[in-house]
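To keep things clear, I will list the structure first and then write my remarks on it.
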Amino acid sequence: MRRTERTADTLREEIAQIVGYELEDPRLTMVTVTDVRLSADKRAARVYVTIAGDEDEHKAALAALKHAAPYVRKQLGLSLNLPRTPEIHFVRDRVEEQGERVDQLLQEIEREWESQEGKEEG
């Protein structure tokens, strides 16, 4: 594993701890940190999160995370021995949502096939 990847993995674990246990904002109860990607110069980190709930809850949680980003960065600086603590940018991870959408489409196709087979046999 490359050094940047190791650093990103360490950041992900640490940010997950901070968001999950140190931030006492009720809007963040359903937030999961899924990935961290560092910029090439390691000055910025995109923190990907999944958020359970509806669209309003997603917006509220992202607003809370954006507000908490300076605190999260400060805590990272205190707990990790990095030459420079990256600026934190929280991003909604849509991979899981897209996966659910693909599952729905596949189920629709399967139902259509089953109804077509029923018509052909009848």
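Going by the structure tokens order, chains are called A, B, ..., each with residues numbered from 1, while ligands are numbered from 1 in the order shown.
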From a DSSP pass on the backbone, collect the residues of chain A flagged as helix (DSSP H, G or I) and hand them back as a PyMOL selection string.
-> chain A and resi 3-22+26-28+55-79+95-121
Would you mind listing, for every residue of stretch 71-120 of chain A within 12 Å of stretch 38-47 of chain A, the two atoms forming the shortest contact and the distance between them in Å to one decimal, using only C-alpha atoms, sorted by chain and ascending residue number, as CSV?
residue,atom,partner,partner_atom,distance
A:Val72,CA,A:Val47,CA,11.2
A:Arg73,CA,A:Ala45,CA,10.0
A:Leu76,CA,A:Ala45,CA,11.8
A:Leu82,CA,A:Lys42,CA,10.1
A:Pro83,CA,A:Lys42,CA,9.8
A:Arg84,CA,A:Arg43,CA,7.2
A:Thr85,CA,A:Arg43,CA,7.1
A:Pro86,CA,A:Arg43,CA,4.4
A:Glu87,CA,A:Ala44,CA,4.5
A:Ile88,CA,A:Ala45,CA,5.1
A:His89,CA,A:Arg46,CA,4.9
A:Phe90,CA,A:Val47,CA,4.7
A:Val91,CA,A:Val47,CA,5.8
A:Arg92,CA,A:Val47,CA,8.3
A:Asp93,CA,A:Val47,CA,8.8
Selection export as an mmCIF file, in the first residue's frame, atoms kept: C-alpha atoms:
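This is the output file again18.cif:
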data_model
loop_
_atom_site.group_PDB
_atom_site.id
_atom_site.type_symbol
_atom_site.label_atom_id
_atom_site.label_comp_id
_atom_site.auth_asym_id
_atom_site.auth_seq_id
_atom_site.Cartn_x
_atom_site.Cartn_y
_atom_site.Cartn_z
ATOM 1 C CA VAL A 72 -12.316 17.794 12.923
ATOM 2 C CA ARG A 73 -9.144 19.139 11.307
ATOM 3 C CA LEU A 76 -6.701 15.307 13.537
ATOM 4 C CA LEU A 82 1.382 14.614 10.229
ATOM 5 C CA PRO A 83 3.675 17.271 8.754
ATOM 6 C CA ARG A 84 0.548 19.170 7.646
ATOM 7 C CA THR A 85 -3.057 18.469 8.539
ATOM 8 C CA PRO A 86 -5.146 18.544 5.352
ATOM 9 C CA GLU A 87 -8.158 20.764 4.922
ATOM 10 C CA ILE A 88 -11.293 18.631 5.309
ATOM 11 C CA HIS A 89 -14.093 18.620 2.709
ATOM 12 C CA PHE A 90 -17.082 16.372 3.398
ATOM 13 C CA VAL A 91 -18.724 14.846 0.309
ATOM 14 C CA ARG A 92 -21.848 12.721 0.044
ATOM 15 C CA ASP A 93 -20.943 9.193 -1.077
#
Per residue of stretch 41-75 of chain A within 8 Å of stretch 15-28 of chain A, note the shortest atom pair and the distance in Å to one decimal, counting only C-alpha atoms, and order the rows by chain and increasing residue number, as a tab-separated table.
residue	atom	partner	partner_atom	distance
A:Glu57	CA	A:Arg27	CA	7.2
A:Ala60	CA	A:Arg27	CA	6.3
A:Ala61	CA	A:Arg27	CA	5.1
A:Ala64	CA	A:Arg27	CA	6.9
A:Leu65	CA	A:Leu28	CA	7.8
A:Ala68	CA	A:Leu23	CA	8.0
A:Val72	CA	A:Ile18	CA	6.8
A:Gln75	CA	A:Ile18	CA	7.8
List as a Markdown table every residue of stretch 41-79 of chain A that is in contact with stretch 97-110 of chain A, defined as an atom at most 12 Å from one of its atoms (using only C-alpha atoms), together with the nearest atom pair and the distance in Å rounded to one decimal, sorted by chain and then rising number.
| residue | atom | partner | partner_atom | distance |
| --- | --- | --- | --- | --- |
| A:Val49 | CA | A:Glu97 | CA | 11.7 |
| A:Thr50 | CA | A:Glu97 | CA | 8.8 |
| A:Ile51 | CA | A:Glu97 | CA | 10.0 |
| A:Ala52 | CA | A:Glu97 | CA | 10.2 |
| A:Gly53 | CA | A:Glu97 | CA | 11.4 |
| A:Asp54 | CA | A:Glu97 | CA | 11.6 |
| A:Glu55 | CA | A:Glu97 | CA | 11.8 |
File of the preceding selection, C-alpha atoms, as a short mmCIF file (atom, residue, chain, number, x, y, z; two decimals), in the first residue's frame:
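So selection24.cif came out as:
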data_model
loop_
_atom_site.label_atom_id
_atom_site.label_comp_id
_atom_site.auth_asym_id
_atom_site.auth_seq_id
_atom_site.Cartn_x
_atom_site.Cartn_y
_atom_site.Cartn_z
CA VAL A 49 -19.89 9.91 3.91
CA THR A 50 -23.13 8.00 3.62
CA ILE A 51 -26.14 9.37 5.43
CA ALA A 52 -29.23 7.37 6.31
CA GLY A 53 -32.55 9.16 5.89
CA ASP A 54 -34.33 11.38 3.43
CA GLU A 55 -33.02 14.28 1.38
#
Length of the atom CA of A:Glu96 to atom CA of A:Arg6 vector [Å] = 23.4 Å
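For the pair atom CA of A:Val31 and atom CA of A:Leu78, the interatomic distance is 22.8 Å.
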Could you find all residues in stretch 27-107 of chain A that DSSP calls strand (DSSP E or B) from the backbone, and write them as a VMD selection string?
-> chain A and resid 31 to 38 44 to 51 87 to 92
Would you mind exporting C-alpha atoms of the selected residues as a compact mmCIF listing (two decimals), in the first residue's frame?
# COMPACT_ATOMS: atom_id res chain seq x y z
CA VAL A 31 -23.45 9.41 9.24
CA THR A 32 -20.85 6.82 8.20
CA VAL A 33 -17.41 7.76 6.90
CA THR A 34 -16.75 5.50 3.91
CA ASP A 35 -13.60 6.83 2.26
CA VAL A 36 -10.95 9.56 2.34
CA ARG A 37 -9.07 10.74 -0.72
CA LEU A 38 -6.07 13.00 -0.35
CA ALA A 44 -6.85 18.71 1.09
CA ALA A 45 -8.87 15.62 1.93
CA ARG A 46 -12.24 14.67 0.51
CA VAL A 47 -14.12 12.72 3.16
CA TYR A 48 -16.89 10.59 1.67
CA VAL A 49 -19.89 9.91 3.91
CA THR A 50 -23.13 8.00 3.62
CA ILE A 51 -26.14 9.37 5.43
CA GLU A 87 -8.16 20.76 4.92
CA ILE A 88 -11.29 18.63 5.31
CA HIS A 89 -14.09 18.62 2.71
CA PHE A 90 -17.08 16.37 3.40
CA VAL A 91 -18.72 14.85 0.31
CA ARG A 92 -21.85 12.72 0.04
